[in-house]
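Undergrad: Sharing a structure, written as structure tokens. Questions coming.
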Amino acid sequence: MVMQRVSLLTIGAYNLPVLRSFYQKLGWEETEFSSDTYAAFKTAGVFLTLFPIEELAKDAGIEISQSKEGFRGVTFAINLDTPEQVDATIEEVRSIGARILREPSDAFWGGRTAYFADPENNLWEIAWNPSAVFDERGAMISF
């Protein structure tokens, strides 16, 4: 059996300094594991890391097959405690230059949601789910 755990998510960065700066502007602190060629941010449940895309592809033994402009088929989500936080968070990311893809709106499933893209077109959902449960660290444990 493969352990059912996600410990670390790595975004292959086309321009590490620009992407690192964006996540720092979100107010996210880097860990002591960061270096000139690697950025690691501790979140409520996993580490989000940034690594040059060429090095990531080389490490995996694959070639880069798409540009940063295309949709990569993956979204990240920040789930919040109240619907008002969705609106406030979108305004925060807008103020640091994120591209807003979907303005905050009520979702068909009963929550509130919005989307933004970071400087390299990595997609983030900002959401409030009325049935979400978080642990003491802020990690979502049920929804």
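Residues in the structure tokens are numbered from 1 in each chain, the chains being A, B, ... in the order shown, and ligands are numbered from 1 in the order shown.
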Using DSSP assignments from the backbone, pull out every residue in range 62-116 of chain A that falls under strand (DSSP E or B) and give it to me as a PyMOL selection string.

TA: chain A and resi 75-80+99-106+112-116

Undergrad: Return as an MDAnalysis selection string the full set of residues in chain A whose backbone-based DSSP assignment is alpha helix (DSSP H).

TA: chainID A and resid 16:25 53:60 83:95

Undergrad: Select, from A:Leu9, A:Val46, A:Leu123, A:Val86, the residue with the minimum atom-to-atom distance to Leu101 in chain A, counting only C-alpha atoms.

TA: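 When distances to Leu101 in chain A are compared using only C-alpha atoms, the smallest one comes from A:Leu123.
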
Undergrad: Restricting the calculation to only C-alpha atoms, which member of A:Phe41, A:Phe143, A:Phe108, A:Phe71 is positioned closest to Glu29 in chain A?

TA: A:Phe41

Undergrad: From the set A:Glu54, A:Glu69, A:Asp59, A:Asp81, which residue has the shortest atom-to-atom contact distance to Leu16 in chain A, counting only C-alpha atoms?

TA: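 Closest to Leu16 in chain A, using only C-alpha atoms: A:Glu54.
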
Undergrad: If you count only C-alpha atoms, which residues fall within 12 Å of Ser21 in chain A, apart from same-chain ones fewer than 5 positions away, as a PyMOL selection string?

TA: chain A and resi 13+15-16+26-30+39+41+50+96-98+118-119

Undergrad: Point out the residue among A:Ile100, A:Ala88, A:Val6, A:Ala60 with the least atom-to-atom distance to Asn121 in chain A, counting only C-alpha atoms.

TA: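 Closest residue, counting only C-alpha atoms: A:Ile100.
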
Undergrad: I'd like the contact shell of Ile53 in chain A - 7 Å cut-off, only C-alpha atoms, skipping same-chain residues fewer than 3 positions apart - returned as a short mmCIF file (atom, residue, chain, number, x, y, z; two decimals) with C-alpha atoms, in the first residue's frame.

TA:
```
data_model
loop_
_atom_site.label_atom_id
_atom_site.label_comp_id
_atom_site.auth_asym_id
_atom_site.auth_seq_id
_atom_site.Cartn_x
_atom_site.Cartn_y
_atom_site.Cartn_z
CA GLY A 12 8.58 24.18 -11.60
CA ALA A 13 9.56 27.85 -11.87
CA TYR A 14 10.47 29.44 -15.19
CA LEU A 56 12.88 19.66 -11.98
CA ALA A 57 12.41 18.10 -15.44
#
```

Undergrad: Between CA of Gly110 in chain A and CA of Phe134 in chain A, what is the spacing in Å?

TA: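 Pair CA of Phe134 in chain A / CA of Gly110 in chain A returns 17.9 Å.
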
Undergrad: Calculated over only C-alpha atoms, which of the candidates A:Thr49, A:Asn129, A:Ser142, A:Ser67 has the smallest distance to Asp106 in chain A?

TA: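 Among the listed residues, A:Asn129 lies closest to Asp106 in chain A.
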
Undergrad: Could you name the residues that touch Ser7 in chain A at 10 Å or less, counting only C-alpha atoms, but leaving out those on the same chain fewer than 5 positions away, as a list in words?

TA: Gly45, Val46, Phe47 and Leu48 of chain A

Undergrad: Write out the residues from the selection above, keeping N, CA, C and O atoms, as a PDB file, in the first residue's frame.

TA:
```pdb
ATOM      1  N   GLY A  45      -0.526  22.333   5.831  1.00  0.00           N
ATOM      2  CA  GLY A  45      -0.520  20.887   5.729  1.00  0.00           C
ATOM      3  C   GLY A  45       0.652  20.304   4.965  1.00  0.00           C
ATOM      4  O   GLY A  45       1.064  19.177   5.216  1.00  0.00           O
ATOM      5  N   VAL A  46       1.193  21.058   4.035  1.00  0.00           N
ATOM      6  CA  VAL A  46       2.279  20.573   3.190  1.00  0.00           C
ATOM      7  C   VAL A  46       3.287  21.698   2.993  1.00  0.00           C
ATOM      8  O   VAL A  46       3.010  22.855   3.301  1.00  0.00           O
ATOM      9  N   PHE A  47       4.422  21.369   2.438  1.00  0.00           N
ATOM     10  CA  PHE A  47       5.369  22.388   2.008  1.00  0.00           C
ATOM     11  C   PHE A  47       5.074  22.696   0.547  1.00  0.00           C
ATOM     12  O   PHE A  47       4.875  21.783  -0.257  1.00  0.00           O
ATOM     13  N   LEU A  48       5.059  23.982   0.208  1.00  0.00           N
ATOM     14  CA  LEU A  48       4.982  24.401  -1.177  1.00  0.00           C
ATOM     15  C   LEU A  48       6.379  24.862  -1.543  1.00  0.00           C
ATOM     16  O   LEU A  48       6.935  25.746  -0.895  1.00  0.00           O
TER      17      LEU A  48
END
```

Undergrad: Skip Arg99 in chain A itself and residues of its chain fewer than 5 positions away, then list as JSON, numbers by chain all residues within 7 Å of it, counting only C-alpha atoms.

TA: {"A": [94, 116, 117, 118]}

Undergrad: Give me a file of those residues, with all heavy atoms, as a PDB file, in the first residue's frame.

TA:
```
ATOM      1  N   ARG A  94      -4.848  40.720  -5.671  1.00  0.00           N
ATOM      2  CA  ARG A  94      -4.951  41.718  -6.744  1.00  0.00           C
ATOM      3  C   ARG A  94      -3.957  42.854  -6.486  1.00  0.00           C
ATOM      4  O   ARG A  94      -3.293  43.328  -7.408  1.00  0.00           O
ATOM      5  CB  ARG A  94      -6.372  42.280  -6.810  1.00  0.00           C
ATOM      6  CG  ARG A  94      -6.615  43.211  -7.981  1.00  0.00           C
ATOM      7  CD  ARG A  94      -7.968  43.938  -7.926  1.00  0.00           C
ATOM      8  NE  ARG A  94      -9.095  43.153  -7.511  1.00  0.00           N
ATOM      9  CZ  ARG A  94      -9.872  42.420  -8.324  1.00  0.00           C
ATOM     10  NH1 ARG A  94      -9.603  42.362  -9.615  1.00  0.00           N
ATOM     11  NH2 ARG A  94     -10.902  41.753  -7.833  1.00  0.00           N
ATOM     12  N   PHE A 116      -7.288  32.997  -9.030  1.00  0.00           N
ATOM     13  CA  PHE A 116      -6.246  33.887  -9.530  1.00  0.00           C
ATOM     14  C   PHE A 116      -5.100  33.059 -10.074  1.00  0.00           C
ATOM     15  O   PHE A 116      -4.988  31.869  -9.796  1.00  0.00           O
ATOM     16  CB  PHE A 116      -5.758  34.869  -8.446  1.00  0.00           C
ATOM     17  CG  PHE A 116      -4.898  34.270  -7.364  1.00  0.00           C
ATOM     18  CD1 PHE A 116      -3.510  34.204  -7.500  1.00  0.00           C
ATOM     19  CD2 PHE A 116      -5.461  33.803  -6.188  1.00  0.00           C
ATOM     20  CE1 PHE A 116      -2.714  33.671  -6.496  1.00  0.00           C
ATOM     21  CE2 PHE A 116      -4.679  33.273  -5.176  1.00  0.00           C
ATOM     22  CZ  PHE A 116      -3.298  33.212  -5.327  1.00  0.00           C
ATOM     23  N   ALA A 117      -4.258  33.719 -10.880  1.00  0.00           N
ATOM     24  CA  ALA A 117      -3.057  33.080 -11.421  1.00  0.00           C
ATOM     25  C   ALA A 117      -1.840  33.829 -10.903  1.00  0.00           C
ATOM     26  O   ALA A 117      -1.844  35.064 -10.826  1.00  0.00           O
ATOM     27  CB  ALA A 117      -3.069  33.101 -12.940  1.00  0.00           C
ATOM     28  N   ASP A 118      -0.795  33.082 -10.542  1.00  0.00           N
ATOM     29  CA  ASP A 118       0.462  33.709 -10.141  1.00  0.00           C
ATOM     30  C   ASP A 118       1.200  34.168 -11.402  1.00  0.00           C
ATOM     31  O   ASP A 118       0.691  33.993 -12.518  1.00  0.00           O
ATOM     32  CB  ASP A 118       1.283  32.777  -9.231  1.00  0.00           C
ATOM     33  CG  ASP A 118       1.923  31.595  -9.949  1.00  0.00           C
ATOM     34  OD1 ASP A 118       1.989  31.559 -11.198  1.00  0.00           O
ATOM     35  OD2 ASP A 118       2.392  30.679  -9.241  1.00  0.00           O
TER      36      ASP A 118
END
```

Undergrad: How many Å lie between CA of Asp87 in chain A and CA of Ala139 in chain A, rounded to one decimal?

TA: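 Interatomic distance here is 20.5 Å.
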
Undergrad: Which is closer to Val93 in chain A than all the others in A:Arg5, A:Arg72, A:Lys25, A:Arg20, using only C-alpha atoms?

TA: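 Checking each candidate against Val93 in chain A, we get A:Lys25 as the closest.
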